[in-house]
$ cat work_29.cif   # mmCIF, C-alpha atoms and all ligand atoms
data_my_file
#
loop_
_atom_site.group_PDB
_atom_site.id
_atom_site.type_symbol
_atom_site.label_atom_id
_atom_site.label_comp_id
_atom_site.auth_asym_id
_atom_site.auth_seq_id
_atom_site.Cartn_x
_atom_site.Cartn_y
_atom_site.Cartn_z
ATOM 1 C CA MET N 1 174.475 164.781 17.932
ATOM 2 C CA ILE N 2 171.989 165.837 20.592
ATOM 3 C CA ASP N 3 169.908 162.991 21.974
ATOM 4 C CA GLN N 4 166.425 164.541 21.771
ATOM 5 C CA GLN N 5 164.835 161.811 23.894
ATOM 6 C CA ALA N 6 167.289 162.332 26.724
ATOM 7 C CA SER N 7 166.643 166.086 26.789
ATOM 8 C CA LEU N 8 162.878 165.693 27.250
ATOM 9 C CA PRO N 9 161.684 166.217 30.815
ATOM 10 C CA SER N 10 161.016 162.769 32.271
ATOM 11 C CA GLU N 11 157.574 161.826 33.620
ATOM 12 C CA PRO N 12 157.491 161.249 37.368
ATOM 13 C CA PRO N 13 157.224 157.509 38.104
ATOM 14 C CA GLU N 14 153.633 156.349 38.592
ATOM 15 C CA LYS N 15 152.606 155.742 42.163
ATOM 16 C CA THR N 16 151.285 152.369 43.232
ATOM 17 C CA ARG N 17 147.508 152.704 43.286
ATOM 18 C CA ILE N 18 145.815 151.152 46.307
ATOM 19 C CA VAL N 19 142.124 150.505 46.935
ATOM 20 C CA ILE N 20 141.282 149.777 50.575
ATOM 21 C CA LEU N 21 138.145 147.834 51.502
ATOM 22 C CA ILE N 22 136.663 148.295 54.980
ATOM 23 C CA SER N 23 133.550 147.346 56.946
ATOM 24 C CA GLY N 24 134.146 148.908 60.347
ATOM 25 C CA SER N 25 136.162 151.404 62.331
ATOM 26 C CA GLY N 26 138.896 151.710 59.725
ATOM 27 C CA SER N 27 141.861 151.882 62.088
ATOM 28 C CA ASN N 28 144.052 149.768 59.794
ATOM 29 C CA MET N 29 142.995 151.868 56.808
ATOM 30 C CA THR N 30 144.042 155.038 58.642
ATOM 31 C CA ALA N 31 147.351 153.485 59.729
ATOM 32 C CA ILE N 32 148.167 152.720 56.091
ATOM 33 C CA ALA N 33 146.860 156.018 54.690
ATOM 34 C CA ASP N 34 148.756 158.019 57.322
ATOM 35 C CA GLU N 35 151.973 156.128 56.603
ATOM 36 C CA ILE N 36 151.557 156.876 52.888
ATOM 37 C CA SER N 37 150.952 160.570 53.570
ATOM 38 C CA ARG N 38 154.161 160.642 55.612
ATOM 39 C CA GLY N 39 155.865 159.915 52.286
ATOM 40 C CA SER N 40 157.500 156.649 53.255
ATOM 41 C CA MET N 41 156.356 154.851 50.087
ATOM 42 C CA ASP N 42 155.558 155.763 46.509
ATOM 43 C CA ALA N 43 151.857 154.994 46.698
ATOM 44 C CA GLU N 44 148.448 156.584 46.794
ATOM 45 C CA VAL N 45 145.120 155.500 48.224
ATOM 46 C CA SER N 46 142.889 155.719 45.157
ATOM 47 C CA ALA N 47 139.718 154.936 47.075
ATOM 48 C CA VAL N 48 138.296 153.520 50.272
ATOM 49 C CA ILE N 49 135.268 151.320 49.611
ATOM 50 C CA CYS N 50 132.972 150.252 52.430
ATOM 51 C CA ASN N 51 130.061 147.792 52.467
ATOM 52 C CA VAL N 52 128.499 149.156 55.688
ATOM 53 C CA PRO N 53 126.908 152.630 55.326
ATOM 54 C CA GLU N 54 127.156 153.406 59.041
ATOM 55 C CA ALA N 55 130.798 152.316 59.433
ATOM 56 C CA ALA N 56 132.936 154.822 61.338
ATOM 57 C CA GLY N 57 135.836 154.283 58.940
ATOM 58 C CA ILE N 58 134.055 156.166 56.142
ATOM 59 C CA GLN N 59 134.283 159.469 58.000
ATOM 60 C CA LYS N 60 137.920 158.782 58.899
ATOM 61 C CA ALA N 61 138.670 158.367 55.194
ATOM 62 C CA ARG N 62 136.787 161.583 54.329
ATOM 63 C CA ASP N 63 138.705 163.435 57.072
ATOM 64 C CA ARG N 64 141.850 162.468 55.166
ATOM 65 C CA ASP N 65 140.396 163.693 51.848
ATOM 66 C CA LEU N 66 140.324 160.173 50.490
ATOM 67 C CA GLU N 67 137.793 159.216 47.867
ATOM 68 C CA THR N 68 135.115 157.020 49.418
ATOM 69 C CA GLN N 69 132.382 154.789 48.086
ATOM 70 C CA VAL N 70 129.717 152.872 49.953
ATOM 71 C CA ILE N 71 128.395 149.718 48.343
ATOM 72 C CA ASP N 72 125.898 148.193 50.740
ATOM 73 C CA HIS N 73 125.895 144.418 50.312
ATOM 74 C CA ARG N 74 122.271 144.340 51.553
ATOM 75 C CA ASN N 75 121.185 145.936 48.269
ATOM 76 C CA PHE N 76 122.160 142.828 46.327
ATOM 77 C CA THR N 77 120.331 139.537 46.109
ATOM 78 C CA SER N 78 123.408 137.306 45.977
ATOM 79 C CA ARG N 79 127.050 137.259 46.990
ATOM 80 C CA GLU N 80 127.969 136.964 43.297
ATOM 81 C CA GLU N 81 125.993 140.091 42.368
ATOM 82 C CA PHE N 82 127.558 142.118 45.172
ATOM 83 C CA ASP N 83 131.072 140.976 44.294
ATOM 84 C CA LEU N 84 130.496 141.780 40.619
ATOM 85 C CA ASN N 85 129.493 145.333 41.473
ATOM 86 C CA LEU N 86 132.373 145.650 43.900
ATOM 87 C CA MET N 87 134.800 144.485 41.201
ATOM 88 C CA ARG N 88 133.443 147.094 38.783
ATOM 89 C CA ALA N 89 133.884 149.814 41.392
ATOM 90 C CA ILE N 90 137.419 148.671 42.218
ATOM 91 C CA ASP N 91 138.456 148.351 38.577
ATOM 92 C CA ASP N 92 137.435 151.972 37.881
ATOM 93 C CA TYR N 93 140.548 152.931 39.869
ATOM 94 C CA SER N 94 142.872 150.487 38.056
ATOM 95 C CA PRO N 95 144.537 149.574 41.336
ATOM 96 C CA ASP N 96 147.838 147.745 41.667
ATOM 97 C CA LEU N 97 146.991 146.532 45.158
ATOM 98 C CA ILE N 98 143.762 145.731 47.019
ATOM 99 C CA VAL N 99 144.003 145.989 50.807
ATOM 100 C CA LEU N 100 141.332 144.272 52.901
ATOM 101 C CA ALA N 101 141.330 146.173 56.189
ATOM 102 C CA GLY N 102 138.613 144.691 58.358
ATOM 103 C CA PHE N 103 136.487 143.911 55.299
ATOM 104 C CA MET N 104 134.101 141.400 56.816
ATOM 105 C CA ARG N 105 132.806 139.655 53.714
ATOM 106 C CA ILE N 106 133.352 136.157 52.391
ATOM 107 C CA LEU N 107 134.630 136.642 48.854
ATOM 108 C CA THR N 108 133.539 134.666 45.801
ATOM 109 C CA PRO N 109 136.183 132.642 43.928
ATOM 110 C CA ASP N 110 135.831 134.937 40.870
ATOM 111 C CA PHE N 111 136.607 137.973 43.010
ATOM 112 C CA VAL N 112 139.647 136.364 44.599
ATOM 113 C CA ARG N 113 141.012 135.084 41.286
ATOM 114 C CA ARG N 114 140.721 138.539 39.720
ATOM 115 C CA TYR N 115 143.064 140.095 42.292
ATOM 116 C CA GLU N 116 145.241 137.096 43.122
ATOM 117 C CA GLY N 117 148.787 138.107 43.952
ATOM 118 C CA ARG N 118 147.767 141.714 44.548
ATOM 119 C CA MET N 119 145.313 141.444 47.437
ATOM 120 C CA LEU N 120 146.334 141.470 51.095
ATOM 121 C CA ASN N 121 144.293 140.802 54.234
ATOM 122 C CA ILE N 122 144.891 141.222 57.945
ATOM 123 C CA HIS N 123 143.569 138.650 60.377
ATOM 124 C CA PRO N 124 143.794 138.856 64.183
ATOM 125 C CA SER N 125 145.503 135.533 64.925
ATOM 126 C CA LEU N 126 148.745 133.734 64.229
ATOM 127 C CA LEU N 127 147.448 132.018 61.089
ATOM 128 C CA PRO N 128 146.859 129.186 60.414
ATOM 129 C CA ALA N 129 145.527 129.225 64.003
ATOM 130 C CA TYR N 130 142.014 130.559 64.541
ATOM 131 C CA GLN N 131 140.622 131.272 61.117
ATOM 132 C CA GLY N 132 137.184 132.906 61.304
ATOM 133 C CA LEU N 133 135.699 134.973 64.122
ATOM 134 C CA HIS N 134 136.263 135.513 67.884
ATOM 135 C CA THR N 135 139.970 134.836 67.593
ATOM 136 C CA HIS N 136 140.979 136.545 70.846
ATOM 137 C CA GLN N 137 138.468 134.629 72.960
ATOM 138 C CA ARG N 138 139.409 131.367 71.282
ATOM 139 C CA ALA N 139 143.096 131.931 72.029
ATOM 140 C CA LEU N 140 142.221 132.668 75.686
ATOM 141 C CA ASP N 141 139.942 129.628 75.927
ATOM 142 C CA ALA N 142 142.728 127.417 74.591
ATOM 143 C CA GLY N 143 145.121 128.759 77.247
ATOM 144 C CA ASP N 144 147.574 130.053 74.632
ATOM 145 C CA ARG N 145 150.495 132.069 75.996
ATOM 146 C CA LYS N 146 151.098 133.653 72.586
ATOM 147 C CA HIS N 147 148.595 135.232 70.244
ATOM 148 C CA GLY N 148 148.941 137.811 67.500
ATOM 149 C CA VAL N 149 148.056 138.998 64.033
ATOM 150 C CA THR N 150 148.912 138.045 60.470
ATOM 151 C CA VAL N 151 149.022 139.848 57.122
ATOM 152 C CA HIS N 152 148.648 137.389 54.254
ATOM 153 C CA PHE N 153 147.935 137.238 50.551
ATOM 154 C CA VAL N 154 144.311 136.356 49.843
ATOM 155 C CA THR N 155 143.512 133.073 48.146
ATOM 156 C CA GLU N 156 140.225 131.290 47.645
ATOM 157 C CA ILE N 157 140.193 129.703 51.110
ATOM 158 C CA LEU N 158 138.987 132.024 53.892
ATOM 159 C CA ASP N 159 141.787 133.397 56.110
ATOM 160 C CA ASP N 160 144.274 131.243 54.256
ATOM 161 C CA GLY N 161 146.854 132.147 51.636
ATOM 162 C CA PRO N 162 150.562 132.647 52.206
ATOM 163 C CA ASN N 163 151.602 134.621 55.254
ATOM 164 C CA VAL N 164 153.634 137.791 54.782
ATOM 165 C CA ILE N 165 154.209 139.079 58.310
ATOM 166 C CA GLN N 166 153.059 138.230 61.817
ATOM 167 C CA ALA N 167 153.299 140.093 65.112
ATOM 168 C CA VAL N 168 153.405 137.817 68.133
ATOM 169 C CA VAL N 169 151.665 139.243 71.211
ATOM 170 C CA PRO N 170 152.088 137.619 74.639
ATOM 171 C CA VAL N 171 148.908 136.678 76.493
ATOM 172 C CA LEU N 172 149.134 138.238 79.960
ATOM 173 C CA ASP N 173 147.634 136.949 83.219
ATOM 174 C CA GLY N 174 144.253 138.606 83.643
ATOM 175 C CA ASP N 175 143.787 139.284 79.915
ATOM 176 C CA ASP N 176 140.258 139.212 78.587
ATOM 177 C CA ALA N 177 139.267 139.357 74.917
ATOM 178 C CA THR N 178 139.082 143.164 75.000
ATOM 179 C CA SER N 179 142.486 143.786 76.574
ATOM 180 C CA LEU N 180 144.105 141.227 74.276
ATOM 181 C CA GLN N 181 142.426 142.709 71.211
ATOM 182 C CA LYS N 182 143.708 146.196 72.110
ATOM 183 C CA ARG N 183 147.310 145.008 72.276
ATOM 184 C CA VAL N 184 146.916 143.012 69.066
ATOM 185 C CA GLN N 185 145.476 146.042 67.268
ATOM 186 C CA LEU N 186 148.491 148.165 68.207
ATOM 187 C CA GLN N 187 150.595 145.603 66.353
ATOM 188 C CA GLU N 188 148.183 145.520 63.400
ATOM 189 C CA HIS N 189 148.845 149.202 62.827
ATOM 190 C CA ILE N 190 152.589 148.513 62.708
ATOM 191 C CA ILE N 191 152.700 145.421 60.516
ATOM 192 C CA TYR N 192 150.086 146.286 57.884
ATOM 193 C CA PRO N 193 151.868 149.446 56.661
ATOM 194 C CA ILE N 194 155.126 147.450 56.592
ATOM 195 C CA ALA N 195 153.581 144.753 54.363
ATOM 196 C CA VAL N 196 152.044 147.358 52.050
ATOM 197 C CA LYS N 197 155.399 149.138 51.784
ATOM 198 C CA TRP N 198 157.157 145.883 50.829
ATOM 199 C CA PHE N 199 154.570 145.358 48.079
ATOM 200 C CA VAL N 200 154.876 148.947 46.842
ATOM 201 C CA GLU N 201 158.664 148.595 46.677
ATOM 202 C CA GLY N 202 158.270 145.453 44.581
ATOM 203 C CA ARG N 203 159.988 143.345 47.230
ATOM 204 C CA LEU N 204 156.890 141.290 48.106
ATOM 205 C CA THR N 205 155.307 139.019 45.517
ATOM 206 C CA MET N 206 153.208 135.871 45.416
ATOM 207 C CA VAL N 207 154.138 133.021 43.104
ATOM 208 C CA GLY N 208 151.891 129.956 43.131
ATOM 209 C CA ASN N 209 150.900 129.656 46.771
ATOM 210 C CA THR N 210 154.127 131.121 48.126
ATOM 211 C CA ALA N 211 154.927 134.616 49.340
ATOM 212 C CA LEU N 212 158.360 135.775 48.206
ATOM 213 C CA MET N 213 160.499 138.527 49.678
ATOM 214 C CA ASP N 214 163.219 139.787 47.352
ATOM 215 C CA GLY N 215 162.600 136.640 45.268
ATOM 216 C CA GLN N 216 163.122 134.242 48.205
ATOM 217 C CA PRO N 217 160.283 132.200 49.770
ATOM 218 C CA LEU N 218 159.158 133.494 53.144
ATOM 219 C CA PRO N 219 158.779 131.009 56.014
ATOM 220 C CA VAL N 220 155.273 129.615 56.548
ATOM 221 C CA THR N 221 154.762 132.104 59.387
ATOM 222 C CA GLY N 222 155.852 135.037 57.223
ATOM 223 C CA VAL N 223 158.340 137.446 58.783
ATOM 224 C CA GLN N 224 157.708 137.183 62.542
ATOM 225 C CA LEU N 225 157.980 140.144 64.882
ATOM 226 C CA GLU N 226 157.894 139.599 68.671
ATOM 227 C CA SER N 227 156.404 142.368 70.774
HETATM 228 C C1 LIG N 301 140.950 144.241 62.725
HETATM 229 O O1 LIG N 301 141.232 143.904 64.043
HETATM 230 C C2 LIG N 301 141.281 143.096 61.794
HETATM 231 O O2 LIG N 301 142.335 142.321 62.268
HETATM 232 C C3 LIG N 301 139.975 142.333 61.785
HETATM 233 O O3 LIG N 301 138.987 143.312 61.806
HETATM 234 C C4 LIG N 301 139.460 144.436 62.526
HETATM 235 C C5 LIG N 301 139.142 145.688 61.740
HETATM 236 O O4 LIG N 301 139.466 146.821 62.464
HETATM 237 N N1 LIG N 301 139.891 141.516 60.620
HETATM 238 C C6 LIG N 301 139.305 140.315 60.600
HETATM 239 O O5 LIG N 301 138.802 139.801 61.568
HETATM 240 C C7 LIG N 301 139.333 139.618 59.246
HETATM 241 N N2 LIG N 301 138.998 138.243 59.352
HETATM 242 P P1 LIG N 301 139.607 148.237 61.742
HETATM 243 O O6 LIG N 301 138.337 148.445 60.956
HETATM 244 O O7 LIG N 301 139.722 149.204 62.890
HETATM 245 O O8 LIG N 301 140.843 148.190 60.877
#
$ encode --input "work_29.cif" --output "structure tokens"
Amino acid sequence: MIDQQASLPSEPPEKTRIVILISGSGSNMTAIADEISRGSMDAEVSAVICNVPEAAGIQKARDRDLETQVIDHRNFTSREEFDLNLMRAIDDYSPDLIVLAGFMRILTPDFVRRYEGRMLNIHPSLLPAYQGLHTHQRALDAGDRKHGVTVHFVTEILDDGPNVIQAVVPVLDGDDATSLQKRVQLQEHIIYPIAVKWFVEGRLTMVGNTALMDGQPLPVTGVQLES
């Protein structure tokens, strides 16, 4: 007997839908979008959403024919109201993954809980060191010989949540915050697409407050790359 089901043409597998949130120049967004368009992972950028109307990253997204939305946080009277509208906009795309790529907003607990386990952030330090702002200057002021950048899952505590991957960047004699930031950013553009790819492939998950790779807990640092 002919198996009718088996003879039907099969649907192509659904791509992982990604919404990227930005506030600034969008260099991490472009690194991820360009890696996806090279075909190295089964994913699509469903939308790039920005909270700063004049951010340079918006045009970079348009140049790549990505759908963009601007939701200016200054049009809302409270953090809660802004986050609620942002959630509505995000949910219209039914994303599997939310990527914070220089999205400079403190998120409400409701927002974080909604996307827990499927929201990644990049932060320019070797977390848990230097949460918050001015990370490069603070590393220099402390006399650190090693600095770097971390991709982590987002939890309710700012710049916290389990680490996925870190790039360690040596601090060189004569470095200032600008030179150090430039070298760190080069590494950002390498490690963020890697982390997104792991998620898309189903290798990277978060269970409780732990990041797992292929079902095994990652070290507290996440996977560490030395540059
Ligand atoms: C990046 O350097 C990222 O590490 C930092 O913002 C920059 C955004 O650059 N993120 C944070 O400080 C988050 N706490 P980009 O817009 O060119 O990707």
$ residues_near_ligand --input "work_29.cif" --ligand "ligand LIG 301 (chain N)" --cutoff "8 Å" --atoms "all atoms listed in the file" --output "list in words"
Ile22, Ser23, Gly24, Ser25, Gly26, Ser27, Asn28, Met29, Thr30, Gly57, Ala101, Gly102, Phe103, Met104, Asn121, Ile122, His123, Pro124, Ser125, Gln131, Gly132, Leu133, Thr135, Val149, Asp159, Gln181, Val184, Gln185 and Glu188 of chain N
$ atom_distance --input "work_29.cif" --atom1 "atom CA of His134 of chain N" --atom2 "atom CA of Lys182 of chain N"
13.7 Å
$ residues_around --input "work_29.cif" --residues "Val52 of chain N" --least-positions-apart "2" --cutoff "6 Å" --atoms "only C-alpha atoms" --output "short mmCIF file (atom, residue, chain, number, x, y, z; two decimals) with C-alpha atoms, in the frame of the given file"
data_model
loop_
_atom_site.label_atom_id
_atom_site.label_comp_id
_atom_site.auth_asym_id
_atom_site.auth_seq_id
_atom_site.Cartn_x
_atom_site.Cartn_y
_atom_site.Cartn_z
CA SER N 23 133.55 147.35 56.95
CA CYS N 50 132.97 150.25 52.43
CA GLU N 54 127.16 153.41 59.04
CA ALA N 55 130.80 152.32 59.43
CA ASP N 72 125.90 148.19 50.74
#
$ atom_distance --input "work_29.cif" --atom1 "atom CA of Arg203 of chain N" --atom2 "atom CA of Lys146 of chain N"
28.6 Å
$ atom_distance --input "work_29.cif" --atom1 "atom CA of Gly174 of chain N" --atom2 "atom CA of Gln187 of chain N"
19.7 Å
$ resolve_selection --input "work_29.cif" --expression "the PyMOL selection byres (((chain N and resi 195) around 8) and not hetatm)" --output "list of chain:residue names"
N:Val151, N:Val164, N:Ile165, N:Ile191, N:Tyr192, N:Pro193, N:Ile194, N:Val196, N:Lys197, N:Trp198, N:Phe199, N:Leu204
$ residues_around --input "work_29.cif" --residues "Glu67 of chain N" --least-positions-apart "5" --cutoff "8 Å" --atoms "only C-alpha atoms" --output "PyMOL selection string"
chain N and resi 46-48+61-62
$ closest_residue --input "work_29.cif" --among "N:Ile106, N:Gln224, N:Leu140, N:Gln216" --to "Ala177 of chain N" --atoms "all atoms listed in the file"
N:Leu140
$ residues_around --input "work_29.cif" --residues "Val169 of chain N" --least-positions-apart "2" --cutoff "8 Å" --atoms "all atoms listed in the file" --output "count of residues only"
9
$ resolve_selection --input "work_29.cif" --expression "the PyMOL selection byres (((chain N and resi 118) around 9) and not hetatm)" --output "PyMOL selection string"
chain N and resi 96-99+115-117+119-120+153-154+199+205-206
$ write_last_selection --input "work_29.cif" --atoms "C-alpha atoms" --output "PDB file, in the frame of the given file"
ATOM      1  CA  ASP N  96     147.838 147.745  41.667  1.00  0.00           C
ATOM      2  CA  LEU N  97     146.991 146.532  45.158  1.00  0.00           C
ATOM      3  CA  ILE N  98     143.762 145.731  47.019  1.00  0.00           C
ATOM      4  CA  VAL N  99     144.003 145.989  50.807  1.00  0.00           C
ATOM      5  CA  TYR N 115     143.064 140.095  42.292  1.00  0.00           C
ATOM      6  CA  GLU N 116     145.241 137.096  43.122  1.00  0.00           C
ATOM      7  CA  GLY N 117     148.787 138.107  43.952  1.00  0.00           C
ATOM      8  CA  MET N 119     145.313 141.444  47.437  1.00  0.00           C
ATOM      9  CA  LEU N 120     146.334 141.470  51.095  1.00  0.00           C
ATOM     10  CA  PHE N 153     147.935 137.238  50.551  1.00  0.00           C
ATOM     11  CA  VAL N 154     144.311 136.356  49.843  1.00  0.00           C
ATOM     12  CA  PHE N 199     154.570 145.358  48.079  1.00  0.00           C
ATOM     13  CA  THR N 205     155.307 139.019  45.517  1.00  0.00           C
ATOM     14  CA  MET N 206     153.208 135.871  45.416  1.00  0.00           C
TER      15      MET N 206
END
$ decode --input "work_29.cif" --residues "segment 166-176 of chain N" --atoms "all heavy atoms" --output "tab-separated table (two decimals), in the first residue's frame"
chain	number	residue	atom	x	y	z
N	166	GLN	N	32.52	34.27	26.61
N	166	GLN	CA	33.31	35.47	26.87
N	166	GLN	C	34.52	35.49	25.94
N	166	GLN	O	35.10	34.45	25.67
N	166	GLN	CB	33.88	35.47	28.30
N	166	GLN	CG	32.86	35.69	29.38
N	166	GLN	CD	33.49	35.85	30.76
N	166	GLN	OE1	34.51	35.23	31.06
N	166	GLN	NE2	32.87	36.68	31.60
N	167	ALA	N	34.89	36.69	25.49
N	167	ALA	CA	36.18	36.86	24.82
N	167	ALA	C	37.06	37.68	25.74
N	167	ALA	O	36.66	38.76	26.19
N	167	ALA	CB	36.00	37.58	23.48
N	168	VAL	N	38.24	37.15	26.03
N	168	VAL	CA	39.19	37.84	26.89
N	168	VAL	C	40.11	38.68	26.01
N	168	VAL	O	40.66	38.17	25.02
N	168	VAL	CB	40.01	36.83	27.72
N	168	VAL	CG1	41.00	37.56	28.62
N	168	VAL	CG2	39.09	35.93	28.53
N	169	VAL	N	40.25	39.95	26.36
N	169	VAL	CA	41.07	40.88	25.56
N	169	VAL	C	42.17	41.43	26.45
N	169	VAL	O	41.87	41.99	27.51
N	169	VAL	CB	40.18	42.03	25.02
N	169	VAL	CG1	41.02	43.08	24.30
N	169	VAL	CG2	39.08	41.49	24.12
N	170	PRO	N	43.44	41.27	26.06
N	170	PRO	CA	44.51	41.82	26.92
N	170	PRO	C	44.49	43.34	26.93
N	170	PRO	O	44.20	43.97	25.91
N	170	PRO	CB	45.80	41.29	26.27
N	170	PRO	CG	45.43	40.90	24.89
N	170	PRO	CD	43.96	40.60	24.87
N	171	VAL	N	44.78	43.91	28.10
N	171	VAL	CA	44.94	45.37	28.19
N	171	VAL	C	46.40	45.67	27.86
N	171	VAL	O	47.30	45.09	28.46
N	171	VAL	CB	44.59	45.88	29.60
N	171	VAL	CG1	44.80	47.39	29.69
N	171	VAL	CG2	43.16	45.51	29.96
N	172	LEU	N	46.62	46.54	26.87
N	172	LEU	CA	47.99	46.82	26.43
N	172	LEU	C	48.49	48.11	27.07
N	172	LEU	O	47.71	49.00	27.42
N	172	LEU	CB	48.03	46.97	24.90
N	172	LEU	CG	47.47	45.79	24.10
N	172	LEU	CD1	47.55	46.07	22.60
N	172	LEU	CD2	48.20	44.49	24.45
N	173	ASP	N	49.85	48.19	27.24
N	173	ASP	CA	50.43	49.45	27.74
N	173	ASP	C	50.00	50.57	26.81
N	173	ASP	O	50.02	50.42	25.58
N	173	ASP	CB	51.96	49.35	27.75
N	173	ASP	CG	52.43	48.32	28.78
N	173	ASP	OD1	51.65	48.00	29.69
N	173	ASP	OD2	53.57	47.83	28.64
N	174	GLY	N	49.60	51.68	27.37
N	174	GLY	CA	49.21	52.83	26.54
N	174	GLY	C	47.75	52.80	26.13
N	174	GLY	O	47.28	53.74	25.47
N	175	ASP	N	47.01	51.74	26.47
N	175	ASP	CA	45.58	51.70	26.13
N	175	ASP	C	44.84	52.84	26.82
N	175	ASP	O	45.11	53.16	27.98
N	175	ASP	CB	44.95	50.39	26.63
N	175	ASP	CG	44.72	49.39	25.50
N	175	ASP	OD1	44.66	49.82	24.33
N	175	ASP	OD2	44.61	48.18	25.80
N	176	ASP	N	43.90	53.44	26.10
N	176	ASP	CA	42.90	54.28	26.76
N	176	ASP	C	41.55	53.62	26.51
N	176	ASP	O	41.47	52.58	25.83
N	176	ASP	CB	42.97	55.74	26.27
N	176	ASP	CG	42.72	55.87	24.77
N	176	ASP	OD1	42.23	54.88	24.15
N	176	ASP	OD2	43.01	56.93	24.22
